[in-house]
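Read through the structure below, which is laid out as structure tokens, and then see the notes.
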Amino acid sequence: MAPKHPVLIDAIETYKRIFGGDPSVKVFAPGRVNLIGEHTDYNDGYVLPFALPFKTIVVGSLSSGESKIASVNMQSEVVSFKVDRDLVKGQPEWANYVKGTIYQYIDDLPKDFAFNAVVASNVPIGSGLSSSASLEVAIATFLEKLCNITHVSGVTKALRCQQAEHVFGGTPCGIMDQYISAMGKKDNLLLIDCRSKDYRLVPYSRDSRLRPPVLLVTNSAVHHSLADGEYAVRVQQCQEAVRVLSEKFPHITALRDASIENLEAVRECMDELVFARALHCITEDARTLATVAALEKGDFKKVGEYMTCSHESLREYYEVSCKELDFLVDTALEVPGVLGSRMTGGGFGGCTITLVERDSVRTLEMHLKAKYNEEFGLNCVCYECLPSTGAGDCDSMYSSRYSSDKKEEESDGASLPWIVASCTVGVIAAAALYIMTFRRQ
């Protein structure tokens, strides 16, 4: 029998100490990192995330009266509440993600439903690796397992958790974070169409016998909260861009529909900042599709180039980077063997992701840690990652069959083969040329 995950051990021991006995249900949901496709999800665009090996674990059992949940990460703080339609936000804030998810399942829960549970996680909080989505999806998986709810698909689960984040978490996020946490598959990225909610599996390596470059996630140790306002401002700016574009081009209902030519045609009618936000989103969609095409050819050099270009766009046009993230990207690119680097997540702190040849990983880690500490007096943390599996039962966490075959029935991605074919080298070249032109003005 495989050894238990250390986070699972913490959760079970805490449950026994607080509630007594063993929990009847043990489930997990992973954090995520986005290889490319940033701030495109709420613009009906394309994203290319993968599930991380970091997990949020929920263990618990049915009870009576008020429901009680404790967080190992919050000094075993216990929160009590009654599960009904009067469920509302409150304190502590972390429990709002739990309550919001429960509320989305309220029609599926039995009368007088109550539970005791413990949550524990090793997904770094505030790092841009989707700790909140991981918690929401873990709670949703817990409810499904505890109440034998079998009719909710992975996509529906993601949509419910997204709504929980909107209403109880206060963040108008797109679908990506919850989607990949619920639907991730080992050794694969997911190309997600955020309009249709379909996905396509994208193997990280064309040949399992090959040793592809490492994906190194680096935590800047600068934390952010997307609910503080800047995320919502970007959403509003994108909506304004669509409003202006749609007046001249009625077919445009989201930035995903617009081309650079469309954007240029309305430039004089659009605020400069709004124009820059739209420019990022339109070109980021093109970069995301081109990255998929490059992965399918095994062209990691191109993948790295698109990643670095994405960071430049996020820094210059979307303005969601910060000096710490820029420093980590620039410092990573100094190391031979680094193919590309970019900030990942909502921005304003959090993490970078770097594509690096295996022989250069140790050199890169030492270089980043030394230079970052010298510049900011902070210790960055590096994680070597490969795509992992999505949410499920902890008993299946180490199952190779679960990792490779899970959730195939929900979508085989057959509706998306045209996506990559639609992205030509000419589209990317045009986008790159346009960005350089815009920068000079």
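Ordering of the structure tokens sets the chain letters (A, B, ...); residue numbers start at 1 within each chain; ligands are numbered from 1 in the order shown.
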- Run DSSP on the backbone and give me the residues of region 14-175 of chain A it puts in strand (DSSP E or B), as a PyMOL selection string. chain A and resi 25-36+46-62+67-71+77-81+115-121
- Message: Taking 3 positions as the minimum chain separation for residues in the same chain, which residues sit within 9 Å of His367 (chain A) when counting only C-alpha atoms? Answer as a VMD selection string.
- Response: chain A and resid 331 to 332 335 362 to 364 370 to 372
- Selection: 7 Å around Val7 (chain A), only C-alpha atoms, excl. self and same-chain fewer than 4 positions, as a list in words: Ala11, Ala120, Ser121 and Asn122 of chain A
- Would you give me, as a PyMOL selection string, the residues in region 55-290 of chain A that DSSP reads as alpha helix (DSSP H)? chain A and resi 94-104+131-146+154-164+176-183+230-248+260-265+272-290
Env of Phe168 (chain A): 7 Å cut, atoms = only C-alpha atoms, seq-sep filter 3 positions within chain, self excluded. Answer as a compact mmCIF listing (two decimals) with all heavy atoms, in the first residue's frame.
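Okay, selection07.txt is ready:
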```
# COMPACT_ATOMS: atom_id res chain seq x y z
N LYS A 89 -22.64 34.85 3.74
CA LYS A 89 -21.22 35.10 4.00
C LYS A 89 -21.02 35.58 5.44
O LYS A 89 -21.93 36.10 6.07
CB LYS A 89 -20.67 36.15 3.04
CG LYS A 89 -20.64 35.74 1.61
CD LYS A 89 -19.77 36.67 0.77
CE LYS A 89 -20.33 38.06 0.69
NZ LYS A 89 -19.51 38.92 -0.21
N ASN A 96 -16.14 31.24 3.67
CA ASN A 96 -17.10 31.68 2.66
C ASN A 96 -17.02 30.85 1.39
O ASN A 96 -18.02 30.63 0.71
CB ASN A 96 -16.88 33.16 2.34
CG ASN A 96 -17.32 34.06 3.47
OD1 ASN A 96 -18.25 33.73 4.21
ND2 ASN A 96 -16.65 35.20 3.62
N TYR A 97 -15.81 30.38 1.06
CA TYR A 97 -15.67 29.51 -0.11
C TYR A 97 -16.36 28.17 0.13
O TYR A 97 -16.92 27.57 -0.79
CB TYR A 97 -14.18 29.31 -0.44
CG TYR A 97 -13.47 30.60 -0.76
CD1 TYR A 97 -12.69 31.25 0.20
CD2 TYR A 97 -13.59 31.19 -2.01
CE1 TYR A 97 -12.05 32.44 -0.09
CE2 TYR A 97 -12.95 32.38 -2.31
CZ TYR A 97 -12.18 33.01 -1.35
OH TYR A 97 -11.56 34.19 -1.64
N GLY A 100 -20.20 29.01 0.10
CA GLY A 100 -20.65 29.30 -1.26
C GLY A 100 -20.82 28.05 -2.09
O GLY A 100 -21.78 27.92 -2.87
N ALA A 164 -19.83 30.00 -6.84
CA ALA A 164 -19.53 30.18 -5.42
C ALA A 164 -18.49 31.26 -5.21
O ALA A 164 -18.61 32.10 -4.30
CB ALA A 164 -19.05 28.85 -4.82
N GLU A 165 -17.47 31.28 -6.06
CA GLU A 165 -16.42 32.30 -5.97
C GLU A 165 -16.98 33.68 -6.28
O GLU A 165 -16.62 34.67 -5.65
CB GLU A 165 -15.26 31.97 -6.90
CG GLU A 165 -14.12 32.95 -6.83
CD GLU A 165 -12.84 32.35 -6.31
OE1 GLU A 165 -12.81 31.14 -6.02
OE2 GLU A 165 -11.86 33.09 -6.19
```
- Fewer than 4 positions away in the same chain doesn't count, so skip those; otherwise give me all residues within 8 Å of Ile139 (chain A), counting only C-alpha atoms, as a list in words. Val58, Val98, Thr101, Ile102, Leu135 and Leu143 of chain A
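By chain and then residue number, the residues within 9 Å of Lys197 (chain A) are A:Val155, A:Ile175, A:Tyr179, counting only C-alpha atoms and disregarding those fewer than 6 positions away in sequence.
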Suppose we keep C-alpha atoms; can you now write the selection as a PDB file, in the first residue's frame?
```pdb
ATOM      1  CA  VAL A 155     -18.028  20.712 -16.021  1.00  0.00           C
ATOM      2  CA  ILE A 175     -14.043  29.239 -15.386  1.00  0.00           C
ATOM      3  CA  TYR A 179     -12.392  23.593 -14.391  1.00  0.00           C
TER       4      TYR A 179
END
```
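Residues lying within 6 Å of Ala391 (chain A), counting only C-alpha atoms and ignoring same-chain neighbours fewer than 4 positions away, are Phe28, Ala29 and Ala182 of chain A.
Residue nearest Lys301 (chain A) within the list A:Leu339, A:Val123, A:Cys380, A:Cys322: A:Leu339 [criterion: smallest interatomic distance, only C-alpha atoms].
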Could you build a table of the residues in region 346-394 of chain A lying no more than 9 Å from region 229-249 of chain A, giving for each the nearest pair of atoms and their separation in Å rounded to one decimal place, using only C-alpha atoms, ordered by chain and ascending residue number, as CSV?
```
residue,atom,partner,partner_atom,distance
A:Gly346,CA,A:Tyr231,CA,7.4
A:Gly347,CA,A:Tyr231,CA,8.8
A:Phe348,CA,A:Glu230,CA,8.8
```
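The coordinates place CA of Ile36 (chain A) at 10.3 Å from CA of Ala290 (chain A).
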- Check the smallest atom-to-atom distance from each of A:Ser64, A:Ser220, A:Ser205, A:Gln178 to Phe300 (chain A) using only C-alpha atoms, then report the winner. A:Ser205
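Considering the residues A:Ala293, A:Leu35, A:Val167, A:Leu109 and counting only C-alpha atoms, Ser310 (chain A) has its shortest atom-to-atom contact with A:Leu35.
Nearest residue to Asp10 (chain A), choosing from A:Leu295, A:Leu255, A:Cys269, A:Val119 and counting only C-alpha atoms: A:Val119.
A straight line drawn from CA of Pro212 (chain A) to CA of Leu328 (chain A) is 22.3 Å long.
Pairwise distance (CA of His151 (chain A), CA of Asn34 (chain A)) equals 28.5 Å.
Among the candidates A:Lys297, A:Arg160, A:Lys4, A:His166, the one nearest to Tyr204 (chain A) when counting only C-alpha atoms is A:Lys297.
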